[in-house]
Amino acid sequence: MHTAPQLDAVVVGAGFSGLYQLYRLRELGLRTRVFEACDDIGGTWYRNRYPGARCDVESTSYSYSFSPELDQEWEWSERYATQPELLRYLRHVADRFGLREDVTLRTRVVRAVYDEEGHIWQVTTDTGETVTTRFVVLATGCVSAVKEPDIPGVRGFAGRALHTADWPHEDVDLTGRRVAVIGTGCSGVQAVPLLAERAARLTVFQRTPVFALPAHNRPLSPAETAELKARYPRFRTAQRQSRGGTVFEPPTRSALEAKEAERAAAYAAAWESGLLSGLLRTYTDILVDPAANETVAEFVRSKIRAIVTDPETAEALSPRTYPFGTKRPCLDTGYYATFNRPHVSVVDLARTPITEITPRGIRTSDREHPADVIVFATGFDAMTGSQVAVDVVGKGGTTLKEKWAAGPRNHLGLLSAGFPNLFTVVGPLSPSVLSNAVVSIEQHVEWITDCIAHLRRNGITEIDATPRAEDEWCAHVAGLAAKTLYPAVASWYTGANVPGKPRVFLAYTGGLDRYRAECDATARDGYRGFTLSTATG
């Protein structure tokens, strides 16, 4: 007779995913604990507190839909909420639904070992505690494993080194300081304008220029808020049925079929919309046809030239080596205009790469750039980093890191064969980062919850993906991606930002609506593609 587990479920992470998963599992009456490494709940929105940090999906969409009462009582102050407001929202949710009592803070899960006979996971934390549980849910986030800078001499820098993904809680005084920013992804783009307001001199070290689109952020008026609350029920339903978790009219024509004036008008309207995906929604072939893509890429470059007064700087900031949208575009507030300020400059690392960090600053191939503060905006080991950071040991003693050595493998982005009862929320090979993350989170959490409820109703103690279903899903995801311009581009979507990481396109490109239908059909078919079993004894 096997010993019963101490818990029904362990959830790793207390951000958007972990909090909602806890809420749903508690509805089932499951004994659940959430382990969170940080000092408080919030996940991404607890750690990413750098200047300018805010969501790039409209606040009213980038929020939970599971509670109509929550929709009515919470009021967003801005079109795009800042990090402090998002953190207040998550704290409100945790307090409103009494979730904190089941969250253990300042505790990192370091190891999870599966008992094949008992169908139980043994979970160990960095505090030395070990618990046993039937189910484990990795709610660790797509972009939470920080990519530390791997530049020679980084530890010898005599000034202050900061990382956008681990920004200090206290105010950082940059008055009179020479500040260097390494990295121009989303965090760099958001931080640069505000850092420029504080620093005596700001030098931005750019390896690859980014396509940044204006957010046109603004406060939300009481009338807008009232109108939104009136239509929230319909809007939430439409979100769940949409391709990307946001509501819009899908395009119907090719960019190459449209006349040049018509295209220019469509792109101008999308630019003024202040939506991250606005330009991608204009025509059907933006992400599949290089010639169509070039029309929108050149439109954005023309905007950069119109904003940045120095032609050489404008050209340095203009992407030319990859198609628009194949690296995540950024929403910005004054990013390009910041380079018109006399104390702000950009260093094009494609021409003069960094050779080392010295005690006094950053040395490139042509000279040393003095700095008092270096801000590393070097991003994350996205999609898989937070999962393989845990020493997960499945059937036969195989670790998840070993299994995924050539790239992630799972079925539906939810379970990896050989690692039963180990679910992942918005992990690799699901829509995740190509969708509104909160809508994808809710879809995953609800599928996982329904699955666990089904197992318990039927006395089943284990669910595992079949190797065949896993092979078919991996091939399906890769096949869909191959029809787009995404896979050929070196980006964090393909793991290319992490040295040694296998090059695999990490997200499902078929759309959240199609993905949801596949997940629902699998469940209706008795969890087709999974093996269900019961522990003996």
# chains A, B, ... in the order shown; residues from 1 in each chain; ligands from 1
>>> closest_atom_pairs(of="segment 19-126 of chain A", to="segment 232-237 of chain A", cutoff="8 Å", atoms="only C-alpha atoms", output="CSV")
residue,atom,partner,partner_atom,distance
A:Ser65,CA,A:Arg236,CA,6.2
A:Pro68,CA,A:Pro233,CA,7.4
A:Asp71,CA,A:Tyr232,CA,7.3
>>> residues_around(residues="segment 244-248 of chain A", least_positions_apart="3", cutoff="6 Å", atoms="only C-alpha atoms", output="VMD selection string")
chain A and resid 239 435 to 436 439 512
>>> closest_atom_pairs(of="segment 67-109 of chain A", to="segment 21-30 of chain A", cutoff="12 Å", atoms="only C-alpha atoms", output="CSV")
residue,atom,partner,partner_atom,distance
A:Ser67,CA,A:Tyr23,CA,11.1
A:Val93,CA,A:Tyr23,CA,10.0
A:Ala94,CA,A:Tyr23,CA,9.1
A:Asp95,CA,A:Tyr23,CA,11.6
A:Arg96,CA,A:Tyr23,CA,11.0
A:Phe97,CA,A:Tyr23,CA,7.6
A:Gly98,CA,A:Tyr23,CA,8.9
A:Leu99,CA,A:Tyr23,CA,7.0
A:Arg100,CA,A:Leu22,CA,9.8
A:Glu101,CA,A:Leu22,CA,10.7
A:Asp102,CA,A:Leu22,CA,8.1
A:Val103,CA,A:Leu22,CA,8.9
>>> select_by_dssp(residues="segment 316-527 of chain A", states="strand (DSSP E or B)", output="PDB file with N, CA, C and O atoms, in the first residue's frame")
ATOM      1  N   CYS A 330       8.015  46.254 -30.062  1.00  0.00           N
ATOM      2  CA  CYS A 330       7.877  46.898 -28.751  1.00  0.00           C
ATOM      3  C   CYS A 330       6.906  48.066 -28.854  1.00  0.00           C
ATOM      4  O   CYS A 330       6.840  48.734 -29.882  1.00  0.00           O
ATOM      5  N   LEU A 331       6.178  48.290 -27.773  1.00  0.00           N
ATOM      6  CA  LEU A 331       5.406  49.518 -27.645  1.00  0.00           C
ATOM      7  C   LEU A 331       6.254  50.515 -26.867  1.00  0.00           C
ATOM      8  O   LEU A 331       6.818  50.160 -25.833  1.00  0.00           O
ATOM      9  N   ASP A 332       6.326  51.732 -27.337  1.00  0.00           N
ATOM     10  CA  ASP A 332       7.211  52.688 -26.669  1.00  0.00           C
ATOM     11  C   ASP A 332       6.505  54.016 -26.436  1.00  0.00           C
ATOM     12  O   ASP A 332       5.466  54.296 -27.039  1.00  0.00           O
ATOM     13  N   VAL A 344      22.267  61.867 -25.323  1.00  0.00           N
ATOM     14  CA  VAL A 344      21.921  60.467 -25.586  1.00  0.00           C
ATOM     15  C   VAL A 344      22.541  60.036 -26.908  1.00  0.00           C
ATOM     16  O   VAL A 344      22.460  60.758 -27.910  1.00  0.00           O
ATOM     17  N   SER A 345      23.160  58.859 -26.915  1.00  0.00           N
ATOM     18  CA  SER A 345      23.770  58.349 -28.147  1.00  0.00           C
ATOM     19  C   SER A 345      23.574  56.845 -28.228  1.00  0.00           C
ATOM     20  O   SER A 345      23.292  56.178 -27.233  1.00  0.00           O
ATOM     21  N   VAL A 346      23.719  56.310 -29.432  1.00  0.00           N
ATOM     22  CA  VAL A 346      23.617  54.877 -29.645  1.00  0.00           C
ATOM     23  C   VAL A 346      24.940  54.366 -30.200  1.00  0.00           C
ATOM     24  O   VAL A 346      25.575  55.015 -31.036  1.00  0.00           O
ATOM     25  N   VAL A 347      25.360  53.205 -29.708  1.00  0.00           N
ATOM     26  CA  VAL A 347      26.547  52.532 -30.223  1.00  0.00           C
ATOM     27  C   VAL A 347      26.080  51.301 -30.981  1.00  0.00           C
ATOM     28  O   VAL A 347      25.424  50.414 -30.408  1.00  0.00           O
ATOM     29  N   ASP A 348      26.385  51.251 -32.255  1.00  0.00           N
ATOM     30  CA  ASP A 348      25.968  50.145 -33.114  1.00  0.00           C
ATOM     31  C   ASP A 348      26.967  48.997 -32.953  1.00  0.00           C
ATOM     32  O   ASP A 348      28.075  49.034 -33.497  1.00  0.00           O
ATOM     33  N   ILE A 354      31.137  44.904 -28.520  1.00  0.00           N
ATOM     34  CA  ILE A 354      31.740  44.963 -27.191  1.00  0.00           C
ATOM     35  C   ILE A 354      32.810  43.881 -27.087  1.00  0.00           C
ATOM     36  O   ILE A 354      32.577  42.716 -27.439  1.00  0.00           O
ATOM     37  N   THR A 355      33.967  44.266 -26.605  1.00  0.00           N
ATOM     38  CA  THR A 355      35.033  43.284 -26.383  1.00  0.00           C
ATOM     39  C   THR A 355      35.151  42.913 -24.911  1.00  0.00           C
ATOM     40  O   THR A 355      35.496  41.782 -24.582  1.00  0.00           O
ATOM     41  N   GLU A 356      34.872  43.878 -24.031  1.00  0.00           N
ATOM     42  CA  GLU A 356      34.932  43.577 -22.596  1.00  0.00           C
ATOM     43  C   GLU A 356      34.323  44.727 -21.801  1.00  0.00           C
ATOM     44  O   GLU A 356      34.128  45.825 -22.307  1.00  0.00           O
ATOM     45  N   ILE A 357      34.009  44.415 -20.564  1.00  0.00           N
ATOM     46  CA  ILE A 357      33.637  45.450 -19.600  1.00  0.00           C
ATOM     47  C   ILE A 357      34.848  45.680 -18.708  1.00  0.00           C
ATOM     48  O   ILE A 357      35.423  44.732 -18.154  1.00  0.00           O
ATOM     49  N   THR A 358      35.235  46.924 -18.592  1.00  0.00           N
ATOM     50  CA  THR A 358      36.398  47.283 -17.790  1.00  0.00           C
ATOM     51  C   THR A 358      35.929  47.858 -16.447  1.00  0.00           C
ATOM     52  O   THR A 358      34.732  48.124 -16.280  1.00  0.00           O
ATOM     53  N   GLY A 361      34.138  51.153 -17.477  1.00  0.00           N
ATOM     54  CA  GLY A 361      33.064  51.261 -18.455  1.00  0.00           C
ATOM     55  C   GLY A 361      33.027  50.094 -19.421  1.00  0.00           C
ATOM     56  O   GLY A 361      33.323  48.953 -19.062  1.00  0.00           O
ATOM     57  N   ILE A 362      32.705  50.369 -20.683  1.00  0.00           N
ATOM     58  CA  ILE A 362      32.504  49.337 -21.696  1.00  0.00           C
ATOM     59  C   ILE A 362      33.459  49.591 -22.854  1.00  0.00           C
ATOM     60  O   ILE A 362      33.476  50.687 -23.430  1.00  0.00           O
ATOM     61  N   ARG A 363      34.250  48.584 -23.174  1.00  0.00           N
ATOM     62  CA  ARG A 363      35.187  48.708 -24.286  1.00  0.00           C
ATOM     63  C   ARG A 363      34.600  48.005 -25.510  1.00  0.00           C
ATOM     64  O   ARG A 363      34.215  46.836 -25.440  1.00  0.00           O
ATOM     65  N   THR A 364      34.528  48.740 -26.603  1.00  0.00           N
ATOM     66  CA  THR A 364      34.151  48.152 -27.881  1.00  0.00           C
ATOM     67  C   THR A 364      35.399  48.014 -28.743  1.00  0.00           C
ATOM     68  O   THR A 364      36.506  48.346 -28.310  1.00  0.00           O
ATOM     69  N   GLU A 368      36.971  52.830 -25.540  1.00  0.00           N
ATOM     70  CA  GLU A 368      36.310  52.596 -24.262  1.00  0.00           C
ATOM     71  C   GLU A 368      35.283  53.697 -24.012  1.00  0.00           C
ATOM     72  O   GLU A 368      35.566  54.876 -24.215  1.00  0.00           O
ATOM     73  N   HIS A 369      34.078  53.269 -23.570  1.00  0.00           N
ATOM     74  CA  HIS A 369      33.012  54.209 -23.247  1.00  0.00           C
ATOM     75  C   HIS A 369      32.869  54.256 -21.730  1.00  0.00           C
ATOM     76  O   HIS A 369      32.439  53.274 -21.111  1.00  0.00           O
ATOM     77  N   PRO A 370      33.236  55.366 -21.086  1.00  0.00           N
ATOM     78  CA  PRO A 370      33.164  55.434 -19.623  1.00  0.00           C
ATOM     79  C   PRO A 370      31.716  55.374 -19.138  1.00  0.00           C
ATOM     80  O   PRO A 370      30.806  55.916 -19.782  1.00  0.00           O
ATOM     81  N   VAL A 373      27.202  53.702 -14.280  1.00  0.00           N
ATOM     82  CA  VAL A 373      26.147  52.704 -14.061  1.00  0.00           C
ATOM     83  C   VAL A 373      25.929  51.958 -15.376  1.00  0.00           C
ATOM     84  O   VAL A 373      25.853  52.579 -16.446  1.00  0.00           O
ATOM     85  N   ILE A 374      25.852  50.635 -15.294  1.00  0.00           N
ATOM     86  CA  ILE A 374      25.501  49.832 -16.470  1.00  0.00           C
ATOM     87  C   ILE A 374      24.159  49.163 -16.199  1.00  0.00           C
ATOM     88  O   ILE A 374      23.977  48.501 -15.170  1.00  0.00           O
ATOM     89  N   VAL A 375      23.220  49.354 -17.121  1.00  0.00           N
ATOM     90  CA  VAL A 375      21.919  48.698 -17.050  1.00  0.00           C
ATOM     91  C   VAL A 375      21.898  47.582 -18.086  1.00  0.00           C
ATOM     92  O   VAL A 375      21.994  47.840 -19.290  1.00  0.00           O
ATOM     93  N   PHE A 376      21.803  46.346 -17.618  1.00  0.00           N
ATOM     94  CA  PHE A 376      21.727  45.202 -18.520  1.00  0.00           C
ATOM     95  C   PHE A 376      20.253  44.918 -18.832  1.00  0.00           C
ATOM     96  O   PHE A 376      19.487  44.520 -17.954  1.00  0.00           O
ATOM     97  N   PHE A 380      15.784  37.289 -21.198  1.00  0.00           N
ATOM     98  CA  PHE A 380      15.495  36.049 -20.488  1.00  0.00           C
ATOM     99  C   PHE A 380      15.870  34.818 -21.319  1.00  0.00           C
ATOM    100  O   PHE A 380      15.955  34.881 -22.542  1.00  0.00           O
ATOM    101  N   ASP A 391      15.238  20.955 -11.079  1.00  0.00           N
ATOM    102  CA  ASP A 391      15.761  19.610 -11.357  1.00  0.00           C
ATOM    103  C   ASP A 391      14.587  18.629 -11.335  1.00  0.00           C
ATOM    104  O   ASP A 391      14.292  18.016 -10.312  1.00  0.00           O
ATOM    105  N   VAL A 392      13.920  18.506 -12.465  1.00  0.00           N
ATOM    106  CA  VAL A 392      12.733  17.652 -12.578  1.00  0.00           C
ATOM    107  C   VAL A 392      13.172  16.271 -13.063  1.00  0.00           C
ATOM    108  O   VAL A 392      13.760  16.139 -14.138  1.00  0.00           O
ATOM    109  N   VAL A 393      12.889  15.239 -12.264  1.00  0.00           N
ATOM    110  CA  VAL A 393      13.287  13.872 -12.580  1.00  0.00           C
ATOM    111  C   VAL A 393      12.035  13.034 -12.800  1.00  0.00           C
ATOM    112  O   VAL A 393      11.230  12.848 -11.882  1.00  0.00           O
ATOM    113  N   THR A 399      15.864  13.385 -16.564  1.00  0.00           N
ATOM    114  CA  THR A 399      15.506  14.743 -16.160  1.00  0.00           C
ATOM    115  C   THR A 399      14.871  15.478 -17.340  1.00  0.00           C
ATOM    116  O   THR A 399      15.097  15.150 -18.507  1.00  0.00           O
ATOM    117  N   HIS A 411       3.074  17.457 -25.378  1.00  0.00           N
ATOM    118  CA  HIS A 411       1.831  17.350 -26.125  1.00  0.00           C
ATOM    119  C   HIS A 411       0.916  18.502 -25.723  1.00  0.00           C
ATOM    120  O   HIS A 411       0.655  18.716 -24.534  1.00  0.00           O
ATOM    121  N   LEU A 415       1.810  18.711 -21.226  1.00  0.00           N
ATOM    122  CA  LEU A 415       2.499  17.636 -20.519  1.00  0.00           C
ATOM    123  C   LEU A 415       3.555  17.031 -21.428  1.00  0.00           C
ATOM    124  O   LEU A 415       3.327  16.818 -22.619  1.00  0.00           O
ATOM    125  N   LEU A 422       2.615  16.421 -14.416  1.00  0.00           N
ATOM    126  CA  LEU A 422       3.403  17.658 -14.366  1.00  0.00           C
ATOM    127  C   LEU A 422       2.910  18.569 -15.493  1.00  0.00           C
ATOM    128  O   LEU A 422       3.245  18.361 -16.655  1.00  0.00           O
ATOM    129  N   PHE A 423       2.093  19.521 -15.134  1.00  0.00           N
ATOM    130  CA  PHE A 423       1.485  20.421 -16.114  1.00  0.00           C
ATOM    131  C   PHE A 423       2.280  21.719 -16.212  1.00  0.00           C
ATOM    132  O   PHE A 423       2.884  22.163 -15.233  1.00  0.00           O
ATOM    133  N   THR A 424       2.217  22.331 -17.382  1.00  0.00           N
ATOM    134  CA  THR A 424       2.870  23.619 -17.603  1.00  0.00           C
ATOM    135  C   THR A 424       1.842  24.632 -18.076  1.00  0.00           C
ATOM    136  O   THR A 424       1.050  24.339 -18.975  1.00  0.00           O
ATOM    137  N   GLU A 462      -2.917   9.018 -12.563  1.00  0.00           N
ATOM    138  CA  GLU A 462      -1.813   9.454 -13.432  1.00  0.00           C
ATOM    139  C   GLU A 462      -2.307   9.772 -14.823  1.00  0.00           C
ATOM    140  O   GLU A 462      -3.101   9.024 -15.406  1.00  0.00           O
ATOM    141  N   ILE A 463      -1.815  10.877 -15.359  1.00  0.00           N
ATOM    142  CA  ILE A 463      -1.988  11.204 -16.772  1.00  0.00           C
ATOM    143  C   ILE A 463      -0.615  11.505 -17.347  1.00  0.00           C
ATOM    144  O   ILE A 463       0.173  12.253 -16.749  1.00  0.00           O
ATOM    145  N   ASP A 464      -0.323  10.907 -18.490  1.00  0.00           N
ATOM    146  CA  ASP A 464       0.970  11.107 -19.146  1.00  0.00           C
ATOM    147  C   ASP A 464       0.733  11.226 -20.637  1.00  0.00           C
ATOM    148  O   ASP A 464      -0.140  10.548 -21.202  1.00  0.00           O
ATOM    149  N   ALA A 465       1.488  12.074 -21.288  1.00  0.00           N
ATOM    150  CA  ALA A 465       1.403  12.183 -22.739  1.00  0.00           C
ATOM    151  C   ALA A 465       2.011  10.941 -23.379  1.00  0.00           C
ATOM    152  O   ALA A 465       3.000  10.393 -22.878  1.00  0.00           O
TER     153      ALA A 465
END
>>> residues_around(residues="segment 133-150 of chain A", least_positions_apart="4", cutoff="6 Å", atoms="only C-alpha atoms", output="MDAnalysis selection string")
chainID A and resid 5:13 17:18 120:121 379:383 385:386 421:425
>>> decode(residues="segment 283-306 of chain A", atoms="N, CA and C atoms", output="PDB file, in the first residue's frame")
ATOM      1  N   TYR A 283      -2.830  43.214 -43.091  1.00  0.00           N
ATOM      2  CA  TYR A 283      -2.966  42.358 -44.266  1.00  0.00           C
ATOM      3  C   TYR A 283      -2.655  40.910 -43.899  1.00  0.00           C
ATOM      4  N   THR A 284      -3.111  39.998 -44.729  1.00  0.00           N
ATOM      5  CA  THR A 284      -3.036  38.566 -44.409  1.00  0.00           C
ATOM      6  C   THR A 284      -1.636  37.989 -44.520  1.00  0.00           C
ATOM      7  N   ASP A 285      -0.746  38.610 -45.282  1.00  0.00           N
ATOM      8  CA  ASP A 285       0.524  37.976 -45.623  1.00  0.00           C
ATOM      9  C   ASP A 285       1.742  38.648 -44.999  1.00  0.00           C
ATOM     10  N   ILE A 286       1.534  39.491 -43.992  1.00  0.00           N
ATOM     11  CA  ILE A 286       2.658  40.210 -43.387  1.00  0.00           C
ATOM     12  C   ILE A 286       3.696  39.248 -42.822  1.00  0.00           C
ATOM     13  N   LEU A 287       3.262  38.154 -42.228  1.00  0.00           N
ATOM     14  CA  LEU A 287       4.195  37.228 -41.574  1.00  0.00           C
ATOM     15  C   LEU A 287       4.502  35.981 -42.406  1.00  0.00           C
ATOM     16  N   VAL A 288       4.071  35.978 -43.661  1.00  0.00           N
ATOM     17  CA  VAL A 288       4.357  34.787 -44.482  1.00  0.00           C
ATOM     18  C   VAL A 288       5.047  35.118 -45.797  1.00  0.00           C
ATOM     19  N   ASP A 289       4.983  36.364 -46.237  1.00  0.00           N
ATOM     20  CA  ASP A 289       5.560  36.738 -47.528  1.00  0.00           C
ATOM     21  C   ASP A 289       6.609  37.836 -47.314  1.00  0.00           C
ATOM     22  N   PRO A 290       7.875  37.567 -47.671  1.00  0.00           N
ATOM     23  CA  PRO A 290       8.923  38.570 -47.448  1.00  0.00           C
ATOM     24  C   PRO A 290       8.645  39.895 -48.144  1.00  0.00           C
ATOM     25  N   ALA A 291       8.094  39.838 -49.348  1.00  0.00           N
ATOM     26  CA  ALA A 291       7.833  41.082 -50.079  1.00  0.00           C
ATOM     27  C   ALA A 291       6.733  41.891 -49.396  1.00  0.00           C
ATOM     28  N   ALA A 292       5.693  41.224 -48.926  1.00  0.00           N
ATOM     29  CA  ALA A 292       4.625  41.916 -48.200  1.00  0.00           C
ATOM     30  C   ALA A 292       5.169  42.496 -46.905  1.00  0.00           C
ATOM     31  N   ASN A 293       6.005  41.741 -46.228  1.00  0.00           N
ATOM     32  CA  ASN A 293       6.572  42.203 -44.971  1.00  0.00           C
ATOM     33  C   ASN A 293       7.437  43.440 -45.169  1.00  0.00           C
ATOM     34  N   GLU A 294       8.170  43.474 -46.259  1.00  0.00           N
ATOM     35  CA  GLU A 294       9.059  44.605 -46.498  1.00  0.00           C
ATOM     36  C   GLU A 294       8.279  45.914 -46.639  1.00  0.00           C
ATOM     37  N   THR A 295       7.032  45.836 -47.114  1.00  0.00           N
ATOM     38  CA  THR A 295       6.249  47.069 -47.248  1.00  0.00           C
ATOM     39  C   THR A 295       5.976  47.695 -45.883  1.00  0.00           C
ATOM     40  N   VAL A 296       5.700  46.877 -44.880  1.00  0.00           N
ATOM     41  CA  VAL A 296       5.427  47.426 -43.556  1.00  0.00           C
ATOM     42  C   VAL A 296       6.728  47.765 -42.829  1.00  0.00           C
ATOM     43  N   ALA A 297       7.771  46.966 -43.065  1.00  0.00           N
ATOM     44  CA  ALA A 297       9.063  47.260 -42.444  1.00  0.00           C
ATOM     45  C   ALA A 297       9.582  48.618 -42.912  1.00  0.00           C
ATOM     46  N   GLU A 298       9.450  48.901 -44.187  1.00  0.00           N
ATOM     47  CA  GLU A 298       9.919  50.186 -44.702  1.00  0.00           C
ATOM     48  C   GLU A 298       9.050  51.324 -44.192  1.00  0.00           C
ATOM     49  N   PHE A 299       7.767  51.062 -43.989  1.00  0.00           N
ATOM     50  CA  PHE A 299       6.906  52.086 -43.401  1.00  0.00           C
ATOM     51  C   PHE A 299       7.427  52.485 -42.017  1.00  0.00           C
ATOM     52  N   VAL A 300       7.772  51.502 -41.195  1.00  0.00           N
ATOM     53  CA  VAL A 300       8.277  51.811 -39.847  1.00  0.00           C
ATOM     54  C   VAL A 300       9.618  52.537 -39.943  1.00  0.00           C
ATOM     55  N   ARG A 301      10.479  52.096 -40.844  1.00  0.00           N
ATOM     56  CA  ARG A 301      11.767  52.788 -41.004  1.00  0.00           C
ATOM     57  C   ARG A 301      11.559  54.240 -41.432  1.00  0.00           C
ATOM     58  N   SER A 302      10.542  54.490 -42.254  1.00  0.00           N
ATOM     59  CA  SER A 302      10.266  55.875 -42.660  1.00  0.00           C
ATOM     60  C   SER A 302       9.831  56.708 -41.456  1.00  0.00           C
ATOM     61  N   LYS A 303       9.115  56.089 -40.534  1.00  0.00           N
ATOM     62  CA  LYS A 303       8.711  56.791 -39.317  1.00  0.00           C
ATOM     63  C   LYS A 303       9.928  57.111 -38.441  1.00  0.00           C
ATOM     64  N   ILE A 304      10.862  56.161 -38.368  1.00  0.00           N
ATOM     65  CA  ILE A 304      12.087  56.395 -37.591  1.00  0.00           C
ATOM     66  C   ILE A 304      12.855  57.569 -38.179  1.00  0.00           C
ATOM     67  N   ARG A 305      12.969  57.591 -39.511  1.00  0.00           N
ATOM     68  CA  ARG A 305      13.694  58.700 -40.165  1.00  0.00           C
ATOM     69  C   ARG A 305      12.994  60.036 -39.927  1.00  0.00           C
ATOM     70  N   ALA A 306      11.669  60.005 -39.819  1.00  0.00           N
ATOM     71  CA  ALA A 306      10.926  61.244 -39.590  1.00  0.00           C
ATOM     72  C   ALA A 306      11.076  61.741 -38.156  1.00  0.00           C
TER      73      ALA A 306
END
